[in-house]
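A.B. asks: What follows is start.txt, made up of compact mmCIF, C-alpha atoms:
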```txt
# COMPACT_ATOMS: atom_id res chain seq x y z
CA MET A 1213 76.78 88.38 97.94
CA THR A 1214 77.66 90.83 95.07
CA ALA A 1215 81.27 91.97 93.99
CA THR A 1216 83.03 93.83 96.77
CA ASP A 1217 85.17 96.94 96.92
CA ALA A 1218 87.59 97.50 99.77
CA ALA A 1219 87.29 101.26 100.16
CA ALA A 1220 90.26 102.91 101.84
CA GLY A 1221 88.84 105.90 103.65
CA PRO A 1222 86.76 106.22 106.81
CA VAL A 1223 82.98 106.50 106.69
CA GLU A 1224 80.53 108.29 109.00
CA VAL A 1225 77.17 106.65 109.68
CA GLU A 1226 74.12 107.95 111.54
CA VAL A 1227 71.94 105.44 113.38
CA ILE A 1228 68.27 105.86 114.29
CA VAL A 1229 67.68 103.60 117.29
CA ALA A 1230 63.92 103.64 117.79
CA SER A 1231 61.35 101.96 120.01
CA ALA A 1232 58.90 99.59 118.34
CA ASP A 1233 56.21 102.29 118.16
CA ARG A 1234 58.73 104.90 116.90
CA ALA A 1235 57.77 107.15 119.82
CA ARG A 1236 61.21 107.20 121.45
CA ILE A 1237 64.56 107.59 119.75
CA LEU A 1238 68.07 107.37 121.17
CA GLY A 1239 69.99 110.62 121.08
CA ARG A 1240 72.33 112.98 122.86
CA ARG A 1241 71.59 116.57 123.79
CA ALA A 1242 73.21 118.90 121.25
CA GLY A 1243 72.30 122.58 120.98
CA ALA A 1244 68.58 123.17 120.56
CA GLY A 1245 67.66 119.48 120.42
CA PRO A 1246 68.96 115.92 120.51
CA ALA A 1247 71.34 114.48 117.93
CA LEU A 1248 71.52 110.93 116.62
CA PRO A 1249 74.51 108.70 117.28
CA ARG A 1250 77.00 109.52 114.53
CA LEU A 1251 79.78 106.96 114.30
CA ARG A 1252 83.03 107.19 112.41
CA LEU A 1253 84.20 103.83 111.09
CA ALA A 1254 87.79 103.33 110.00
CA SER A 1255 86.78 101.95 106.60
CA SER A 1256 83.71 101.02 104.61
CA TRP A 1257 85.01 97.44 104.40
CA PRO A 1258 84.13 95.22 106.21
CA PRO A 1259 80.62 96.51 105.52
CA PRO A 1260 79.28 99.04 108.05
CA SER A 1261 76.51 96.54 108.80
CA SER A 1262 79.08 94.23 110.44
CA GLN A 1263 80.72 97.03 112.44
CA LEU A 1264 77.77 99.14 113.54
CA PRO A 1265 76.05 97.04 116.25
CA ALA A 1266 79.23 96.84 118.32
CA ALA A 1267 80.06 100.50 117.63
CA VAL A 1268 76.58 101.64 118.72
CA ALA A 1269 76.77 99.58 121.91
CA ALA A 1270 80.23 100.94 122.74
CA ALA A 1271 79.17 104.56 122.17
CA THR A 1272 75.70 104.50 123.73
CA GLY A 1273 75.44 101.50 126.06
CA VAL A 1274 72.46 100.16 124.10
CA ALA A 1275 72.68 96.82 122.25
CA VAL A 1276 70.95 96.97 118.87
CA ALA A 1277 70.02 94.94 115.81
CA LEU A 1278 70.11 96.73 112.47
CA LEU A 1279 66.90 97.18 110.48
CA ASP A 1280 66.64 99.33 107.34
CA PRO A 1281 69.55 101.08 105.72
CA LEU A 1282 68.02 104.36 104.49
CA ASP A 1283 71.03 105.00 102.29
CA ALA A 1284 74.74 104.22 102.44
CA THR A 1285 75.24 106.41 105.54
CA VAL A 1286 72.02 106.10 107.61
CA PHE A 1287 70.74 102.94 109.32
CA VAL A 1288 67.68 102.26 111.44
CA ALA A 1289 68.13 99.88 114.38
CA GLU A 1290 65.97 98.32 117.09
CA PRO A 1291 67.13 98.22 120.73
CA LEU A 1292 67.83 94.80 122.23
CA GLY A 1293 68.76 95.82 125.77
CA GLY A 1294 71.00 97.95 127.92
CA GLU A 1295 70.67 101.44 129.38
CA PRO A 1296 71.92 104.58 127.64
CA THR A 1297 75.32 105.87 128.77
CA GLY A 1298 77.87 108.39 127.55
CA GLY A 1299 75.40 111.26 127.52
CA TYR A 1300 72.77 109.37 125.53
CA ALA A 1301 69.12 109.12 126.54
CA TRP A 1302 65.70 108.32 125.09
CA PHE A 1303 63.93 111.32 123.55
CA ASP A 1304 60.46 111.87 122.19
CA ALA A 1305 60.73 111.40 118.42
CA ARG A 1306 59.22 114.84 117.83
CA ALA A 1307 62.11 116.49 119.68
CA PHE A 1308 64.44 115.82 116.73
CA GLY A 1309 62.67 118.27 114.45
CA ALA A 1310 63.40 118.44 110.73
CA GLY A 1311 66.09 116.27 109.20
CA THR A 1312 66.96 112.58 109.22
CA VAL A 1313 64.48 111.48 111.89
CA ARG A 1314 61.55 113.43 110.49
CA ASP A 1315 62.27 112.17 106.97
CA TRP A 1316 62.25 108.61 108.27
CA LEU A 1317 59.04 109.06 110.25
CA ASP A 1318 57.30 110.50 107.19
CA ARG A 1319 58.62 107.80 104.87
CA PRO A 1320 56.18 104.96 104.13
CA ALA A 1321 57.65 101.49 104.51
CA PRO A 1322 58.67 100.28 101.03
CA GLY A 1323 56.60 97.37 99.78
CA THR A 1324 59.81 95.67 98.68
CA ARG A 1325 61.34 95.75 102.18
CA PRO A 1326 63.04 92.38 102.88
CA PRO A 1327 61.94 90.48 106.00
CA TRP A 1328 65.26 91.09 107.80
CA PHE A 1329 64.63 94.85 107.67
CA ARG A 1330 61.51 94.42 109.83
CA PRO A 1331 61.38 94.72 113.65
CA GLY A 1332 61.38 91.35 115.39
CA TRP A 1333 63.00 89.43 112.53
CA TYR A 1334 66.36 89.22 114.30
CA ALA A 1335 64.77 87.75 117.46
CA GLY A 1336 62.91 85.16 115.39
CA ALA A 1337 66.10 84.15 113.58
CA VAL A 1338 67.95 83.77 116.89
CA ASP A 1339 65.14 81.57 118.22
CA TRP A 1340 65.40 79.35 115.12
CA ILE A 1341 69.16 79.04 115.52
CA ASP A 1342 68.68 78.00 119.15
CA ALA A 1343 66.04 75.43 118.16
CA VAL A 1344 68.28 73.90 115.49
CA LEU A 1345 71.20 73.74 117.92
CA ALA A 1346 69.02 72.04 120.53
CA GLN A 1347 68.01 69.39 117.99
CA ARG A 1348 71.70 68.77 117.33
CA GLY A 1349 72.54 68.51 121.03
CA GLU A 1350 74.44 71.80 120.93
CA ARG A 1351 73.90 75.24 122.44
CA ARG A 1352 74.71 78.86 121.73
CA THR A 1353 77.54 80.26 123.87
CA GLY A 1354 77.28 83.98 123.07
CA PRO A 1355 75.29 86.69 121.31
CA VAL A 1356 74.42 86.45 117.63
CA ALA A 1357 76.30 88.97 115.46
CA GLN A 1358 75.07 90.60 112.26
CA ILE A 1359 77.82 89.91 109.73
CA ARG A 1360 76.16 91.23 106.56
CA HIS A 1361 72.90 93.17 106.46
CA TRP A 1362 71.87 94.68 103.18
CA THR A 1363 69.04 94.53 100.68
CA THR A 1364 70.06 91.28 98.99
CA SER A 1365 70.76 89.17 102.05
CA CYS A 1366 71.39 88.95 105.77
CA VAL A 1367 74.09 86.85 107.42
CA LEU A 1368 74.23 86.17 111.17
CA CYS A 1369 77.01 84.44 113.10
CA ALA A 1370 76.47 82.53 116.36
CA PRO A 1371 79.16 81.00 118.60
CA THR A 1372 78.14 77.54 119.78
CA SER A 1373 79.43 74.65 121.88
CA ALA A 1374 80.51 72.97 118.63
CA GLY A 1375 81.97 76.02 116.88
CA ARG A 1376 80.49 78.96 115.01
CA VAL A 1377 77.46 78.64 112.75
CA PHE A 1378 76.12 81.08 110.17
CA LEU A 1379 72.53 81.85 109.26
CA LYS A 1380 71.83 83.31 105.83
CA ALA A 1381 68.58 84.75 104.48
CA GLY A 1382 68.19 85.92 100.89
CA LEU A 1383 65.65 87.36 98.50
CA PRO A 1384 62.97 84.91 97.29
CA HIS A 1385 64.33 84.66 93.74
CA LEU A 1386 67.69 83.57 95.19
CA ALA A 1387 66.24 80.95 97.52
CA HIS A 1388 67.73 77.97 95.64
CA GLU A 1389 71.17 78.50 97.20
CA PRO A 1390 71.03 75.94 100.06
CA GLN A 1391 69.61 73.22 97.81
CA LEU A 1392 72.32 73.92 95.23
CA VAL A 1393 75.08 73.90 97.86
CA GLY A 1394 73.80 70.59 99.20
CA HIS A 1395 73.78 69.18 95.66
CA LEU A 1396 77.35 70.35 94.97
CA ALA A 1397 78.54 68.93 98.29
CA ARG A 1398 77.84 65.41 97.04
CA SER A 1399 80.66 65.73 94.51
CA TRP A 1400 82.82 68.49 96.01
CA PRO A 1401 82.25 68.36 99.80
CA ASP A 1402 85.39 70.33 100.65
CA ALA A 1403 84.72 73.08 98.12
CA VAL A 1404 81.35 74.37 99.38
CA PRO A 1405 79.81 75.19 102.78
CA GLU A 1406 78.26 72.48 104.94
CA VAL A 1407 74.49 72.99 105.17
CA LEU A 1408 73.33 72.16 108.71
CA ALA A 1409 69.65 73.11 108.44
CA HIS A 1410 67.24 74.79 106.04
CA SER A 1411 63.89 76.49 106.60
CA PRO A 1412 62.15 77.02 103.23
CA ASP A 1413 59.21 78.70 104.96
CA HIS A 1414 61.46 81.44 106.34
CA GLY A 1415 63.92 81.52 103.44
CA TRP A 1416 66.97 80.98 105.63
CA TRP A 1417 69.55 78.28 106.19
CA LEU A 1418 72.35 77.44 108.60
CA SER A 1419 75.91 76.46 107.71
CA ALA A 1420 78.96 75.35 109.65
CA ASP A 1421 81.98 77.58 110.15
CA PHE A 1422 84.21 77.65 107.08
CA GLY A 1423 87.38 77.31 109.15
CA ALA A 1424 88.90 80.14 107.13
CA GLN A 1425 88.33 83.81 106.39
CA PRO A 1426 88.01 85.45 102.98
CA PRO A 1427 89.50 86.83 100.85
CA VAL A 1428 91.09 83.74 99.35
CA ARG A 1429 94.88 83.72 99.56
CA ASP A 1430 95.51 81.50 96.54
CA ALA A 1431 93.47 83.01 93.72
CA ALA A 1432 94.66 80.49 91.14
CA SER A 1433 93.46 77.54 93.22
CA ALA A 1434 90.00 79.10 93.62
CA LEU A 1435 89.73 79.65 89.88
CA ARG A 1436 90.86 76.11 89.13
CA MET A 1437 88.27 74.78 91.58
CA LEU A 1438 85.53 76.83 89.94
CA ALA A 1439 86.54 75.45 86.53
CA ARG A 1440 86.58 71.91 87.93
CA ILE A 1441 83.04 72.30 89.27
CA GLN A 1442 81.84 73.89 86.05
CA VAL A 1443 83.34 71.20 83.85
CA GLY A 1444 81.77 68.63 86.18
CA THR A 1445 78.32 70.09 85.51
CA VAL A 1446 78.61 70.02 81.71
CA ASP A 1447 75.85 67.69 80.43
CA ARG A 1448 74.50 67.60 84.01
CA THR A 1449 72.61 70.89 84.07
CA GLY A 1450 69.16 69.31 84.34
CA PRO A 1451 69.37 68.79 88.12
CA LEU A 1452 70.62 72.36 88.52
CA ARG A 1453 67.53 73.69 86.76
CA GLU A 1454 65.31 71.46 88.88
CA LEU A 1455 66.89 72.97 92.00
CA GLY A 1456 65.92 76.45 90.80
CA CYS A 1457 68.99 77.70 88.97
CA PRO A 1458 67.80 79.93 86.12
CA THR A 1459 69.10 79.40 82.60
CA VAL A 1460 70.72 82.47 81.04
CA THR A 1461 71.75 81.86 77.43
CA LEU A 1462 73.71 84.26 75.28
CA ASP A 1463 70.52 84.84 73.31
CA ASP A 1464 68.84 85.79 76.59
CA LEU A 1465 71.57 88.34 77.32
CA ALA A 1466 71.38 89.78 73.81
CA GLY A 1467 67.63 90.06 74.22
CA ARG A 1468 68.06 92.12 77.38
CA VAL A 1469 70.10 94.81 75.64
CA PRO A 1470 67.24 96.96 74.19
CA ALA A 1471 65.54 97.31 77.59
CA LEU A 1472 68.84 98.22 79.25
CA LEU A 1473 69.51 100.89 76.64
CA ARG A 1474 66.18 102.51 77.46
CA ARG A 1475 67.34 103.03 81.04
CA ALA A 1476 69.36 106.13 80.30
CA GLU A 1477 70.37 106.62 83.96
CA LEU A 1478 72.52 103.47 83.79
CA TRP A 1479 74.67 104.79 80.97
CA GLN A 1480 75.13 108.46 81.80
CA PRO A 1481 74.34 109.20 85.47
CA SER A 1482 75.43 112.83 85.11
CA GLY A 1483 73.35 113.69 82.04
CA ALA A 1484 71.57 112.59 78.90
CA PRO A 1485 73.54 109.94 76.94
CA ASP A 1486 74.16 110.05 73.22
CA ARG A 1487 71.26 107.95 71.93
CA GLY A 1488 72.95 107.24 68.62
CA GLN A 1489 76.06 105.96 70.32
CA LEU A 1490 74.00 103.83 72.70
CA THR A 1491 72.26 102.23 69.73
CA ARG A 1492 75.64 101.35 68.26
CA VAL A 1493 76.81 100.00 71.64
CA GLY A 1494 73.72 97.81 71.81
CA MET A 1495 74.18 96.36 68.33
CA TRP A 1496 77.86 95.73 69.08
CA LEU A 1497 76.99 93.93 72.33
CA GLN A 1498 74.49 91.71 70.56
CA ASP A 1499 77.14 90.88 67.96
CA ARG A 1500 79.57 89.93 70.74
CA CYS A 1501 76.95 87.60 72.24
CA ALA A 1502 76.51 85.92 68.85
CA GLU A 1503 80.28 85.67 68.35
CA LEU A 1504 80.73 84.07 71.77
CA ASP A 1505 77.92 81.66 71.00
CA ASP A 1506 79.96 80.45 68.04
CA VAL A 1507 82.78 79.38 70.37
CA ASP A 1508 82.25 75.72 71.15
CA LEU A 1509 82.04 75.91 74.95
CA PRO A 1510 79.02 74.27 76.59
CA LEU A 1511 76.68 75.79 79.14
CA SER A 1512 77.49 74.86 82.72
CA LEU A 1513 77.02 76.12 86.25
CA VAL A 1514 78.08 79.73 86.79
CA HIS A 1515 78.56 81.11 90.28
CA GLY A 1516 77.12 84.48 89.29
CA ASP A 1517 78.95 86.56 91.93
CA PHE A 1518 82.46 85.16 91.91
CA HIS A 1519 85.15 87.30 93.53
CA GLN A 1520 87.94 87.00 96.08
CA HIS A 1521 85.67 87.72 99.06
CA ASN A 1522 83.40 84.81 98.09
CA ALA A 1523 86.23 82.29 98.39
CA ALA A 1524 88.48 81.23 101.26
CA SER A 1525 91.67 79.17 101.54
CA ARG A 1526 91.59 76.02 103.67
CA PRO A 1527 94.06 73.13 104.08
CA ALA A 1528 91.71 70.87 102.11
CA GLY A 1529 91.59 73.39 99.26
CA PRO A 1530 89.62 76.50 98.37
CA LEU A 1531 86.06 76.94 99.64
CA LEU A 1532 83.66 78.71 97.26
CA PHE A 1533 80.57 80.23 98.87
CA ASP A 1534 77.69 82.69 98.32
CA TRP A 1535 76.07 80.83 95.42
CA SER A 1536 72.95 83.03 95.55
CA PHE A 1537 73.22 84.08 91.90
CA ALA A 1538 74.14 80.66 90.53
CA ALA A 1539 72.70 79.93 87.10
CA VAL A 1540 73.17 77.73 84.07
CA SER A 1541 75.01 79.87 81.55
CA HIS A 1542 78.25 80.40 79.64
CA PRO A 1543 81.11 79.55 82.03
CA LEU A 1544 83.45 82.39 81.02
CA LEU A 1545 80.98 84.96 82.36
CA ASP A 1546 82.21 84.27 85.90
CA LEU A 1547 85.55 85.87 85.05
CA GLY A 1548 83.97 89.31 84.74
CA GLY A 1549 83.18 89.76 88.42
CA TRP A 1550 86.38 88.01 89.54
CA LEU A 1551 88.52 90.55 87.66
CA HIS A 1552 86.49 93.50 88.94
CA ALA A 1553 89.25 94.82 91.23
CA VAL A 1554 92.29 92.91 89.92
CA GLY A 1555 95.28 94.61 88.32
CA GLU A 1556 96.29 93.62 84.81
CA ALA A 1557 99.35 91.53 85.75
CA ASP A 1558 97.31 89.43 88.17
CA ALA A 1559 94.41 89.32 85.71
CA ARG A 1560 96.59 87.60 83.13
CA ARG A 1561 97.73 84.99 85.65
CA HIS A 1562 94.22 84.43 86.97
CA VAL A 1563 92.68 83.98 83.54
CA ALA A 1564 95.43 81.54 82.55
CA ALA A 1565 94.83 79.48 85.72
CA TYR A 1566 91.09 79.38 85.11
CA LEU A 1567 91.34 78.46 81.42
CA GLU A 1568 93.58 75.50 82.28
CA GLY A 1569 90.47 73.75 83.53
CA TRP A 1570 88.82 73.99 80.11
CA ARG A 1571 91.72 72.71 77.98
CA ARG A 1572 89.95 69.50 77.02
CA PHE A 1573 87.35 71.61 75.24
CA ALA A 1574 89.70 73.86 73.24
CA PRO A 1575 93.42 74.75 72.87
CA PRO A 1576 94.81 77.52 75.14
CA GLY A 1577 94.96 80.08 72.35
CA VAL A 1578 91.35 79.49 71.39
CA LEU A 1579 90.27 79.75 75.02
CA LEU A 1580 92.12 83.03 75.52
CA GLU A 1581 90.55 84.48 72.41
CA ALA A 1582 87.18 83.25 73.66
CA TRP A 1583 87.73 85.28 76.83
CA ARG A 1584 88.54 88.39 74.82
CA VAL A 1585 85.23 87.95 73.02
CA ALA A 1586 83.46 87.14 76.29
CA ARG A 1587 84.84 90.09 78.23
CA PRO A 1588 82.22 92.72 77.24
CA VAL A 1589 79.52 90.03 77.47
CA ALA A 1590 80.67 89.32 81.04
CA ALA A 1591 80.32 93.04 81.76
CA LEU A 1592 76.80 92.89 80.31
CA PHE A 1593 76.05 89.88 82.54
CA GLU A 1594 77.10 91.90 85.62
CA LEU A 1595 75.17 94.96 84.45
CA VAL A 1596 72.00 92.89 84.03
CA LYS A 1597 72.41 91.50 87.57
CA PHE A 1598 72.68 94.88 89.27
CA ALA A 1599 70.12 96.61 87.07
CA ASP A 1600 67.65 93.80 87.78
CA LEU A 1601 68.20 94.09 91.53
CA ALA A 1602 67.69 97.85 91.43
CA GLU A 1603 64.47 97.45 89.48
CA ARG A 1604 63.23 94.55 91.61
CA MET A 1605 63.81 96.32 94.94
CA GLY A 1606 62.69 99.77 93.80
CA PRO A 1607 63.88 103.34 94.42
CA ALA A 1608 64.14 102.92 98.20
CA TYR A 1609 67.01 100.47 97.88
CA GLU A 1610 68.61 101.21 94.52
CA PHE A 1611 71.56 102.89 96.30
CA ASP A 1612 72.77 99.34 97.02
CA TYR A 1613 72.96 98.48 93.32
CA LEU A 1614 73.17 101.47 90.98
CA PRO A 1615 76.82 102.35 91.75
CA MET A 1616 77.89 98.90 90.54
CA ALA A 1617 75.51 99.07 87.58
CA PHE A 1618 77.15 102.38 86.58
CA ARG A 1619 80.59 100.79 86.66
CA TRP A 1620 79.63 97.86 84.49
CA ALA A 1621 77.83 100.10 82.00
CA ARG A 1622 80.95 102.25 81.79
CA ARG A 1623 83.07 99.18 81.16
CA VAL A 1624 80.78 98.11 78.35
CA ARG A 1625 81.15 101.54 76.75
CA ASP A 1626 84.93 101.55 77.25
CA ALA A 1627 85.20 98.14 75.58
CA PHE A 1628 83.06 99.36 72.69
CA ALA A 1629 85.23 102.45 72.26
CA GLY A 1630 88.46 100.44 72.50
CA ARG A 1631 89.65 102.52 75.46
CA ASP A 1632 90.79 99.41 77.32
CA GLY A 1633 92.92 98.12 74.45
CA GLN A 1634 94.07 94.55 74.80
CA LEU A 1635 93.61 94.27 78.55
CA THR A 1636 92.78 90.86 79.97
CA GLY A 1637 90.96 92.43 82.91
CA TRP A 1638 89.54 95.94 83.34
CA PRO A 1639 91.26 99.34 83.13
CA GLY A 1640 92.89 99.33 86.56
CA PRO A 1641 91.41 98.31 89.91
CA GLN A 1642 88.14 100.11 90.63
```
Could you quickly redo this structure as structure tokens?
C.D. replies:
Amino acid sequence: MTATDAAAGPVEVEVIVASADRARILGRRAGAGPALPRLRLASSWPPPSSQLPAAVAAATGVAVALLDPLDATVFVAEPLGGEPTGGYAWFDARAFGAGTVRDWLDRPAPGTRPPWFRPGWYAGAVDWIDAVLAQRGERRTGPVAQIRHWTTSCVLCAPTSAGRVFLKAGLPHLAHEPQLVGHLARSWPDAVPEVLAHSPDHGWWLSADFGAQPPVRDAASALRMLARIQVGTVDRTGPLRELGCPTVTLDDLAGRVPALLRRAELWQPSGAPDRGQLTRVGMWLQDRCAELDDVDLPLSLVHGDFHQHNAASRPAGPLLFDWSFAAVSHPLLDLGGWLHAVGEADARRHVAAYLEGWRRFAPPGVLLEAWRVARPVAALFELVKFADLAERMGPAYEFDYLPMAFRWARRVRDAFAGRDGQLTGWPGPQ
């Protein structure tokens, strides 16, 4: 999954719980007509998608599975069972009048809607989990929980007679993850998840419980493990490409700059950007790509979404997971996302720990200078990722990606303007 932010404040979320034909919607009598369940969550992290099903059931008596998020504060859900309580009842959809429900009813289903946003997908995934468990001589011992449910991926968790298992589904262009994880497990079995089953036809896979919860407690050990894996893939990138990992060279990144500059909304969300300055930013970025290319560090595996919530601490060492965005590229680019929400003092320690793993390729001073050159390129790498996702999934789901794209574009501009000085990381946790 992408870089995470642990937001401090509470968040309010509306939920449209609708019958399969959209004729009946769960609500509670309020004034002239019914009102949707409106739930106040203590924080926006863990993601609302992991908190909402239980919160809806507790408030309304109806068990649900999430479907579409309409934006960051409105979800659609399908009922799984139970009878309404607490003043809730089923209402004719037309009784809700203008507003959230009517907007949803009038909204055509986006052509880019992922499978896990569609009614019935959850039940099919649960059936597959049960079938895999039966083949293994195991059984499910409780309901399946939605752990992460957003446009890029869906993660389910099922308790079983042999411990918890996790199902993950991702977008088609990220479908190489289970094959890659299986490949890495041959050399680093304790550092990656255990793949129990894989269904290429459905685009989902099952993994064993990690035995630990993110975020990782020992950041330095996670960074050293990443460097160890990356160094181990130097001169062995052919199999990674065969598994589906894309190759992203520094020339590729430089070549993406002109198209990014034409997307004015990425650079100045509140108004028209200075086109002349953007041109200078673009030329400067391309120069940084060329300068980094001159540093003699080889291409290797990059995680592509490396941060503290995609790593966990275990007795056998750190576990690195969520390899959806893995690619063959310049290794230092993984530091960009890792330092996303890290203060400067920790950033210096983290970078030093990571660069230790590359000392046979260059002296420490050269490596540190290489990171200073790579820093704006790493921001470009992150910007490309989120801008691509927003474009791929279209306007209906860009709310999941544009906020992060804005941040990385701002960091590129700050680096160009010298506003972040000699920082190792970024200008304060975001």
A.B. asks: Choose the residue, out of A:Ala1277, A:Ala1617, A:Ala1539, A:Leu1567, that has the smallest atom-to-atom separation from A:Leu1452; count all atoms listed in the file.
C.D. replies: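 The shortest atom-to-atom distance to A:Leu1452 comes from A:Ala1539.
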A.B. asks: Quick one: everything within 8 Å of A:Arg1236, counting all atoms listed in the file, minus sequence neighbours fewer than 3 positions away in the same chain. Send it as a CSV table (one decimal) with C-alpha atoms, in the coordinates of the input.
C.D. replies:
```
chain,number,residue,atom,x,y,z
A,1230,ALA,CA,63.9,103.6,117.8
A,1231,SER,CA,61.4,102.0,120.0
A,1233,ASP,CA,56.2,102.3,118.2
A,1302,TRP,CA,65.7,108.3,125.1
A,1303,PHE,CA,63.9,111.3,123.6
A,1304,ASP,CA,60.5,111.9,122.2
A,1305,ALA,CA,60.7,111.4,118.4
```
A.B. asks: If you count only C-alpha atoms, which residues fall within 7 Å of A:Leu1532, apart from same-chain ones fewer than 4 positions away, as a list in words?
C.D. replies: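 In the requested format, the answer is Ala1403, Val1404, Asn1522, Ala1523 and Ala1524 of chain A.
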A.B. asks: Which residues, written as a PyMOL selection string, have at least one atom at most 10 Å from A:Thr1372, with only C-alpha atoms counted and residues fewer than 4 positions away on the same chain left out?
C.D. replies: chain A and resi 1342+1345+1350-1356+1376-1377
A.B. asks: Taking only C-alpha atoms into account, which of A:Leu1579, A:Leu1635, A:Leu1282, A:Leu1455 comes nearest A:His1388?
C.D. replies: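 Using only C-alpha atoms, the shortest distance to A:His1388 belongs to A:Leu1455.
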A.B. asks: So that I can check the surroundings of stretch 1436-1439 of chain A, please list as a tab-separated table (two decimals) with C-alpha atoms, in the frame of the given file every protein, DNA and RNA residue that reaches within 7 Å of it, counting all atoms listed in the file and ignoring chain neighbours fewer than 5 positions away.
C.D. replies:
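Result file selection-v8.tsv:
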```
chain	number	residue	atom	x	y	z
A	1565	ALA	CA	94.83	79.48	85.72
A	1566	TYR	CA	91.09	79.38	85.11
A	1569	GLY	CA	90.47	73.75	83.53
A	1570	TRP	CA	88.82	73.99	80.11
```
A.B. asks: Using only C-alpha atoms, which of A:Gln1489, A:Trp1479, A:Arg1571, A:Thr1312 sits nearest A:Arg1440?
C.D. replies: A:Arg1571
A.B. asks: Mind giving me the straight-line distance from atom CA of A:Gly1239 to atom CA of A:Ala1307 in Å, one decimal?
C.D. replies: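 Atom CA of A:Ala1307 lies 9.9 Å from atom CA of A:Gly1239.
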A.B. asks: Would you work out the distance separating atom CA of A:Trp1400 from atom CA of A:Ile1441, expressed in Å to one decimal?
C.D. replies: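 Those two atoms sit 7.7 Å apart.
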A.B. asks: Which neighbours of A:Leu1251 fall inside 12 Å, counting all atoms listed in the file, when residues of the same chain fewer than 5 positions from it are skipped, and could you give them as a PyMOL selection string?
C.D. replies: chain A and resi 1222-1228+1260+1263-1272+1285-1287
A.B. asks: A:Val1563, A:Ala1357, A:Ala1621, A:Leu1292: which is nearest A:Pro1331, counting all atoms listed in the file?
C.D. replies: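 Residue with the minimum atom-to-atom distance to A:Pro1331: A:Leu1292.
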A.B. asks: Mind pulling up the distance from atom CA of A:Glu1594 to atom CA of A:Gly1633?
C.D. replies: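 Calculated distance between atom CA of A:Gly1633 and atom CA of A:Glu1594 is 20.3 Å.
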A.B. asks: Return as lines of an AutoDock Vina configuration file the box centre and box size in Å, one decimal, for an axis-aligned box around all listed atoms of stretch 1304-1317 of chain A padded by 5 Å per side.
C.D. replies:
```
center_x = 63.0
center_y = 113.5
center_z = 114.6
size_x = 17.9
size_y = 19.8
size_z = 25.2
```
A.B. asks: Pick from A:Ala1591, A:Ala1346, A:Ile1237, A:Val1393: nearest to A:Trp1535, with all atoms listed in the file counted?
C.D. replies: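 Among the listed residues, the smallest separation from A:Trp1535 belongs to A:Val1393.
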A.B. asks: Nearest to A:Met1616 among A:Ser1512, A:Arg1398, A:Leu1478, A:Ala1582, with distances taken over only C-alpha atoms: which residue is it?
C.D. replies: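 Using only C-alpha atoms, the shortest distance to A:Met1616 belongs to A:Leu1478.
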A.B. asks: Counting all atoms listed in the file, which residues come within 9 Å of (69.5, 77.5, 105.1), with the point read in the file's coordinates, and could you list them as a CSV table (one decimal) with C-alpha atoms, keeping the file's coordinate frame?
C.D. replies:
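File out17.csv, as written:
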```
chain,number,residue,atom,x,y,z
A,1379,LEU,CA,72.5,81.8,109.3
A,1380,LYS,CA,71.8,83.3,105.8
A,1381,ALA,CA,68.6,84.8,104.5
A,1387,ALA,CA,66.2,81.0,97.5
A,1389,GLU,CA,71.2,78.5,97.2
A,1390,PRO,CA,71.0,75.9,100.1
A,1391,GLN,CA,69.6,73.2,97.8
A,1407,VAL,CA,74.5,73.0,105.2
A,1408,LEU,CA,73.3,72.2,108.7
A,1409,ALA,CA,69.6,73.1,108.4
A,1410,HIS,CA,67.2,74.8,106.0
A,1411,SER,CA,63.9,76.5,106.6
A,1412,PRO,CA,62.2,77.0,103.2
A,1415,GLY,CA,63.9,81.5,103.4
A,1416,TRP,CA,67.0,81.0,105.6
A,1417,TRP,CA,69.6,78.3,106.2
A,1418,LEU,CA,72.4,77.4,108.6
A,1419,SER,CA,75.9,76.5,107.7
```
A.B. asks: Fix up stretch 1570-1576 of chain A with N, CA and C atoms, then write it as a CSV table (one decimal), in the frame of the given file.
C.D. replies:
```
chain,number,residue,atom,x,y,z
A,1570,TRP,N,89.7,74.2,81.3
A,1570,TRP,CA,88.8,74.0,80.1
A,1570,TRP,C,89.6,73.5,78.9
A,1571,ARG,N,90.8,73.0,79.1
A,1571,ARG,CA,91.7,72.7,78.0
A,1571,ARG,C,91.2,71.5,77.2
A,1572,ARG,N,90.4,70.6,77.8
A,1572,ARG,CA,90.0,69.5,77.0
A,1572,ARG,C,88.9,69.9,76.0
A,1573,PHE,N,88.4,71.1,76.2
A,1573,PHE,CA,87.4,71.6,75.2
A,1573,PHE,C,87.9,72.4,74.1
A,1574,ALA,N,89.1,73.0,74.3
A,1574,ALA,CA,89.7,73.9,73.2
A,1574,ALA,C,91.2,74.1,73.6
A,1575,PRO,N,92.0,74.4,72.6
A,1575,PRO,CA,93.4,74.8,72.9
A,1575,PRO,C,93.5,76.1,73.6
A,1576,PRO,N,94.6,76.3,74.3
A,1576,PRO,CA,94.8,77.5,75.1
A,1576,PRO,C,94.6,78.8,74.4
```
